[in-house]
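Undergrad: Below is a structure I'd like to ask you about.
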Amino acid sequence: CEKPDARPLRQRLLVVANRLPVSAVRRGEDSWSLEMSAGGLVSALLGVKEFEARWIGWAGVNVPDEVGQKSLTKALAEKRCIPVFLDEEIVHQYYNGYCNNILWPLFHYLGLPQEDRLATTRSFQSQFAAYKKANQMFADVVHQHYEEGDVVWCHDYHLMFLPKCLKEYNNSMKVGWFLHTPFPSSEIHRTLPSRSDLLRSVLAADLVGFHTYDYARHFVSACTRILGLEGTPEGVEDQGRLTRVAAFPIGIDSDRFIRALELPQVQDHIKELKERFAGRKVMLGVDRLDMIKGIPQKILAFEKFLEENSHWRDKVVLLQIAVPTRTDVPEYQKLTSQVHEIVGRINGRFGTLTAVPIHHLMCISAGNFKRMAGLLSDLCGIALDPGHAHGSNVVMLSAPFSSPFLIAHSQTSMYSGKELQFGLHIEKQTLAYKADRSLDFYALCALYAVTDVALVTSLRDGMNLVSYEFVACQDSKKGVLILSEFAGAAQSLGAGAILVNPWNITEVADSIRQALTMLPEEREKRHQHNFLHVTTHTAQEWAETFVSTVETFYNTIPLCNHN
Ligand code: G6P
């Protein structure tokens with residue numbers, strides 16, 4: 001290991017992630033609208049400010065023509081983003097296939113999709129080939145934009161092949177790789193046919209980072225057991241070349257949330273929500289609509305709570321925001337129907353004319369909102385306040401719907417192009433409309449602020465920043481966080497939260513009762529613990545520590561040749 005030169009005041013950083021922080025939607029031959037992307041990676045990296053950063057990634061859209069590619073490149077340049085253009089076939093095989101149908105479930109201990117197990121096994125080789133090809137395409141773009149001294153920070157399971165491609169281009173590049181998901185036990189990782197290739201490629205980085213010490217340990221074990229390499233307290237050694245491996249727990253830009261609470265538009269939302277839910281305790285879940293988030297399990301636990309605590313039935317409401325994601329992957333489509341079905345059943349069971357226990361929140365653009373408002377008016381003679389379509393972001397649909405939705409829609413009509421078709425059941429009719437993927441930031445802050453109990457019940461989760469965001473917005477209310485012990489955040493917020501096993505719905509139901517009846521002093525104590533953590537361990541601190549560690553320990557020793 002060599003000590004690098006002193007760090008310039010504003011380090012140039014190339015952030016490389018599968019998804020750019022904005023997703024593009026084509027409006028014309030050379031006209032684009034850009035909307036913030038969803039997910040923990042994006043929200044954390046937006047909090048990183050002290051670098052001269054460029055972001056390289058996929059804009060979430062197929063742009064086959066040169067005119068489109070040029071105009072999108074220009075539009076993204078204003079946001080310091082550089083696109084990697086992936087065609088539909090690559091996206092299908094690399095993103096939907098290898099990344100989200102194989103690596104994602106495996107890294108979250110969910111195994112391969114049950115029904116598709118054999119089909120997945122058969123298509124494995126072609127998907128892995130596409131994965132490598134896509135990673136090479138990212139490397140090509142990095143290579144074009146790289147300047148000597150840049151730190152190249154590769155993110156997540158989509159880009160495990162990237163460190164190797166980059167070092168093959170230029171061995172003196174400073175390369176870090178960070179995983180935003182769990183790294184599973186080596187016994188799980190070893191079931192992957194491409195297990196060794198992936199490990200070796202990641203080891204080409206100078207620094208490999210994880211959210212928790214456990215994930216780092218699993219990675220080192222996989223390298224020792226599968227590759228037969230030596231694990232040291234600092235990392236993994238291969239023929240004299242050391243790759244540092246360590247835990248760097250991520251954080252959020254807590255100030256952004258705290259400041260937002262003071263804004264008039266957020267205060268208006270808060271007032272509106274308080275009026276709407278007066279006399280009821282508010283419970284909140286905010287999740288991408290993903291199997292790992294344990295949404296059906298959470299809703300079933302809430303049902304059990306209502307079953308066993310009948311006096312609470314008209315005194316509590318669960319707001320479940322589900323942000324649509326990866327809607328082309330069949331497992332995600334199945335999950336959507338499953339959640340809708342369970343919510344409908346429980347609302348049918350416990351709902352009354354004036355109150356329903358679960359509000360399922362979806363994100364919808366203003367354009368789609370208008371379309372839906374028109375349909376509502378034609379079918380049921382119900383007029384939605386048109387002001388809602390332009391001004392406010394949260395609209396409540398109440399009786400006579402059998403399963404009412406609270407709908408958050410963005411201020412603008414931009415949407416990411418990744419849409420999900422779903423139905424709203426009104427008496428015997430179904431309205432089909434499209435949900436968009438992003439949730440308005442101010443509406444989200446207001447929802448966090450009025451919440452009494454947040455429910456984060458991931459079956460596995462790399463970190464889970466929703467729990468951090470909730471804590472940041474709770475300094476006046478001091479609400480309770482119920483948190484899965486399988487989320488990385490359990491290691492940092494565990495002392496302030498009520499920790500639960502999300503698979504055990506009886507335990508989660510009990511924790512709901514405990515949270516709703518917790519004494520103020522106890523809530524205060526727990527909240528202070530978490531608030532201190534969230535406001536001191538920020539995204540900025542996380543990024544600075546990671547990047548300075550890459551700079552301190554970058555390798556000039558060439559990669560070992562294993563061919
Ligand atoms: C998780 C992953 C991110 C990903 C995000 C959204 O947070 O760790 O890498 O970007 O989910 O998923 P999507 O597939 O929509 O990019």
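How things are named: the first chain in the structure tokens is A, the next is B, and so on; residues count from 1 in each chain; ligands count from 1 in the order shown.
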Taking a cut-off of 8 Å and counting only C-alpha atoms and all ligand atoms, can you build a table that, for each residue of chain A near ligand 1, reports the nearest atom pair and how far apart they are in Å (one decimal), sorted by chain then residue number, as JSON lines?

TA:
```
{"residue": "A:Ala17", "atom": "CA", "partner": "ligand 1", "partner_atom_place_in_ligand_line": "9 (O)", "distance": 7.1}
{"residue": "A:Asn18", "atom": "CA", "partner": "ligand 1", "partner_atom_place_in_ligand_line": "9 (O)", "distance": 6.7}
{"residue": "A:Arg19", "atom": "CA", "partner": "ligand 1", "partner_atom_place_in_ligand_line": "16 (O)", "distance": 5.4}
{"residue": "A:Ser37", "atom": "CA", "partner": "ligand 1", "partner_atom_place_in_ligand_line": "15 (O)", "distance": 7.2}
{"residue": "A:Ala38", "atom": "CA", "partner": "ligand 1", "partner_atom_place_in_ligand_line": "6 (C)", "distance": 5.5}
{"residue": "A:Gly39", "atom": "CA", "partner": "ligand 1", "partner_atom_place_in_ligand_line": "5 (C)", "distance": 4.0}
{"residue": "A:Gly40", "atom": "CA", "partner": "ligand 1", "partner_atom_place_in_ligand_line": "7 (O)", "distance": 4.3}
{"residue": "A:Leu41", "atom": "CA", "partner": "ligand 1", "partner_atom_place_in_ligand_line": "7 (O)", "distance": 5.1}
{"residue": "A:Val42", "atom": "CA", "partner": "ligand 1", "partner_atom_place_in_ligand_line": "10 (O)", "distance": 6.7}
{"residue": "A:Tyr95", "atom": "CA", "partner": "ligand 1", "partner_atom_place_in_ligand_line": "14 (O)", "distance": 7.7}
{"residue": "A:Asn100", "atom": "CA", "partner": "ligand 1", "partner_atom_place_in_ligand_line": "14 (O)", "distance": 7.3}
{"residue": "A:His155", "atom": "CA", "partner": "ligand 1", "partner_atom_place_in_ligand_line": "9 (O)", "distance": 7.2}
{"residue": "A:Asp156", "atom": "CA", "partner": "ligand 1", "partner_atom_place_in_ligand_line": "9 (O)", "distance": 5.6}
{"residue": "A:Tyr157", "atom": "CA", "partner": "ligand 1", "partner_atom_place_in_ligand_line": "9 (O)", "distance": 7.2}
{"residue": "A:His158", "atom": "CA", "partner": "ligand 1", "partner_atom_place_in_ligand_line": "9 (O)", "distance": 7.3}
{"residue": "A:Leu179", "atom": "CA", "partner": "ligand 1", "partner_atom_place_in_ligand_line": "8 (O)", "distance": 7.6}
{"residue": "A:His180", "atom": "CA", "partner": "ligand 1", "partner_atom_place_in_ligand_line": "8 (O)", "distance": 4.8}
{"residue": "A:Thr181", "atom": "CA", "partner": "ligand 1", "partner_atom_place_in_ligand_line": "8 (O)", "distance": 5.6}
{"residue": "A:Arg288", "atom": "CA", "partner": "ligand 1", "partner_atom_place_in_ligand_line": "6 (C)", "distance": 7.7}
{"residue": "A:Thr325", "atom": "CA", "partner": "ligand 1", "partner_atom_place_in_ligand_line": "15 (O)", "distance": 5.1}
{"residue": "A:Arg326", "atom": "CA", "partner": "ligand 1", "partner_atom_place_in_ligand_line": "14 (O)", "distance": 5.5}
{"residue": "A:Gly462", "atom": "CA", "partner": "ligand 1", "partner_atom_place_in_ligand_line": "8 (O)", "distance": 7.6}
```

Undergrad: Hey, what's within 9 Å of Tyr169 in chain A if we count only C-alpha atoms and toss same-chain stuff fewer than 4 positions away? As a list in words, please?

TA: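 Non-adjacent residues within range: Ala139, Asp140, His143, Lys164, Cys165 and Met173 of chain A.
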
Undergrad: Residues as selected, N, CA and C atoms, written as a PDB file, in the first residue's frame, can you do that?

TA:
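part23.pdb written:
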```pdb
ATOM      1  N   ALA A 139     -17.798   0.566 -17.718  1.00  0.00           N
ATOM      2  CA  ALA A 139     -16.351   0.834 -17.623  1.00  0.00           C
ATOM      3  C   ALA A 139     -15.894   1.712 -18.781  1.00  0.00           C
ATOM      4  N   ASP A 140     -16.435   1.469 -19.966  1.00  0.00           N
ATOM      5  CA  ASP A 140     -16.035   2.274 -21.131  1.00  0.00           C
ATOM      6  C   ASP A 140     -16.368   3.754 -20.892  1.00  0.00           C
ATOM      7  N   HIS A 143     -14.034   5.230 -18.353  1.00  0.00           N
ATOM      8  CA  HIS A 143     -12.723   5.432 -18.960  1.00  0.00           C
ATOM      9  C   HIS A 143     -12.692   6.740 -19.771  1.00  0.00           C
ATOM     10  N   LYS A 164     -12.929  -4.785 -11.775  1.00  0.00           N
ATOM     11  CA  LYS A 164     -11.932  -5.501 -12.588  1.00  0.00           C
ATOM     12  C   LYS A 164     -11.774  -4.825 -13.957  1.00  0.00           C
ATOM     13  N   CYS A 165     -12.914  -4.492 -14.585  1.00  0.00           N
ATOM     14  CA  CYS A 165     -12.844  -3.842 -15.901  1.00  0.00           C
ATOM     15  C   CYS A 165     -12.050  -2.543 -15.802  1.00  0.00           C
ATOM     16  N   MET A 173      -5.926   3.659 -11.356  1.00  0.00           N
ATOM     17  CA  MET A 173      -7.210   4.268 -10.949  1.00  0.00           C
ATOM     18  C   MET A 173      -7.486   3.918  -9.488  1.00  0.00           C
TER      19      MET A 173
END
```

Undergrad: With only C-alpha atoms as the atoms that count, which of A:Ala509, A:Ile56, A:Leu559, A:Leu227 lies nearest to Leu242 in chain A?

TA: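 Of A:Ala509, A:Ile56, A:Leu559, A:Leu227, the one nearest Leu242 in chain A is A:Leu559, counting only C-alpha atoms.
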
Undergrad: Name the residues in contact with range 61-75 of chain A at a cut-off of 7 Å, using only C-alpha atoms, excluding same-chain residues fewer than 3 positions from it; report them as a list in words.

TA: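 Counting only C-alpha atoms, the residues come to Ala24, Glu29, Asp30, Trp32, Glu78, Ile82, Pro83, Phe85, Leu86, Asp87 and Glu88 of chain A.
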
Undergrad: Quick one: residues within 10 Å of Lys304 in chain A, only C-alpha atoms, excluding same-chain residues fewer than 3 positions away - as a list in words?

TA: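 Counting only C-alpha atoms, the residues come to Lys298, Ile299, Leu300, Ala301, Glu307, Glu308, Asn309, Ile505, Thr506, Glu507, Val508, Ala509 and Asp510 of chain A.
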
Undergrad: For those residues, write N, CA and C atoms to a file as an mmCIF file, in the first residue's frame.

TA:
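The resulting again-v1.cif:
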```cif
data_model
loop_
_atom_site.group_PDB
_atom_site.id
_atom_site.type_symbol
_atom_site.label_atom_id
_atom_site.label_comp_id
_atom_site.auth_asym_id
_atom_site.auth_seq_id
_atom_site.Cartn_x
_atom_site.Cartn_y
_atom_site.Cartn_z
ATOM 1 N N LYS A 298 -46.261 -7.419 7.093
ATOM 2 C CA LYS A 298 -46.585 -6.258 7.944
ATOM 3 C C LYS A 298 -48.097 -6.059 8.040
ATOM 4 N N ILE A 299 -48.756 -6.174 6.879
ATOM 5 C CA ILE A 299 -50.201 -5.934 6.868
ATOM 6 C C ILE A 299 -50.929 -7.041 7.630
ATOM 7 N N LEU A 300 -50.426 -8.264 7.498
ATOM 8 C CA LEU A 300 -51.045 -9.367 8.251
ATOM 9 C C LEU A 300 -50.846 -9.175 9.761
ATOM 10 N N ALA A 301 -49.692 -8.638 10.141
ATOM 11 C CA ALA A 301 -49.448 -8.381 11.566
ATOM 12 C C ALA A 301 -50.408 -7.298 12.069
ATOM 13 N N GLU A 307 -57.418 -7.717 15.274
ATOM 14 C CA GLU A 307 -58.199 -8.867 15.725
ATOM 15 C C GLU A 307 -58.176 -8.955 17.252
ATOM 16 N N GLU A 308 -56.955 -8.796 17.794
ATOM 17 C CA GLU A 308 -56.772 -9.022 19.229
ATOM 18 C C GLU A 308 -57.033 -7.790 20.091
ATOM 19 N N ASN A 309 -57.131 -6.627 19.458
ATOM 20 C CA ASN A 309 -57.304 -5.388 20.232
ATOM 21 C C ASN A 309 -58.476 -4.603 19.643
ATOM 22 N N ILE A 505 -45.644 -12.768 12.950
ATOM 23 C CA ILE A 505 -46.652 -11.704 12.951
ATOM 24 C C ILE A 505 -47.252 -11.487 14.350
ATOM 25 N N THR A 506 -47.208 -12.511 15.196
ATOM 26 C CA THR A 506 -47.708 -12.320 16.564
ATOM 27 C C THR A 506 -46.810 -11.323 17.295
ATOM 28 N N GLU A 507 -45.509 -11.496 17.112
ATOM 29 C CA GLU A 507 -44.560 -10.597 17.765
ATOM 30 C C GLU A 507 -44.727 -9.162 17.225
ATOM 31 N N VAL A 508 -44.917 -9.034 15.921
ATOM 32 C CA VAL A 508 -45.077 -7.681 15.360
ATOM 33 C C VAL A 508 -46.382 -7.059 15.874
ATOM 34 N N ALA A 509 -47.451 -7.881 15.942
ATOM 35 C CA ALA A 509 -48.731 -7.364 16.460
ATOM 36 C C ALA A 509 -48.558 -6.882 17.904
ATOM 37 N N ASP A 510 -47.818 -7.643 18.708
ATOM 38 C CA ASP A 510 -47.575 -7.223 20.099
ATOM 39 C C ASP A 510 -46.781 -5.924 20.151
#
```

Undergrad: Rounded to one decimal place, report the CA of Gly209 in chain A-CA of Thr191 in chain A distance in Å.

TA: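 CA of Gly209 in chain A sits 22.3 Å away from CA of Thr191 in chain A.
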
Undergrad: Give me, as a ChimeraX atom specification, all polymer residues having an atom no more than 9 Å from range 517-530 of chain A, counting only C-alpha atoms and skipping those fewer than 5 positions away in the same chain.

TA: /A:468,471-472,474-475,477-481,492-497,512,535

Undergrad: Find, counting only C-alpha atoms, the residue in A:Ala247, A:Asn171, A:Glu230, A:Thr552 that gets nearest to Tyr213 in chain A.

TA: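 Checking each candidate against Tyr213 in chain A, we get A:Ala247 as the closest.
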
Undergrad: Using CA of Tyr215 in chain A and CA of Ser185 in chain A as the two end points, give the distance in Å to one decimal.

TA: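 Between these atoms lies a distance of 8.0 Å.
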
Undergrad: Looking only at strand (DSSP E or B) from DSSP on the backbone, list the matching residues of range 156-289 of chain A as an NGL selection string.

TA: :A and (174-178 or 207-210 or 230-231 or 235-238 or 241-247 or 281-288)
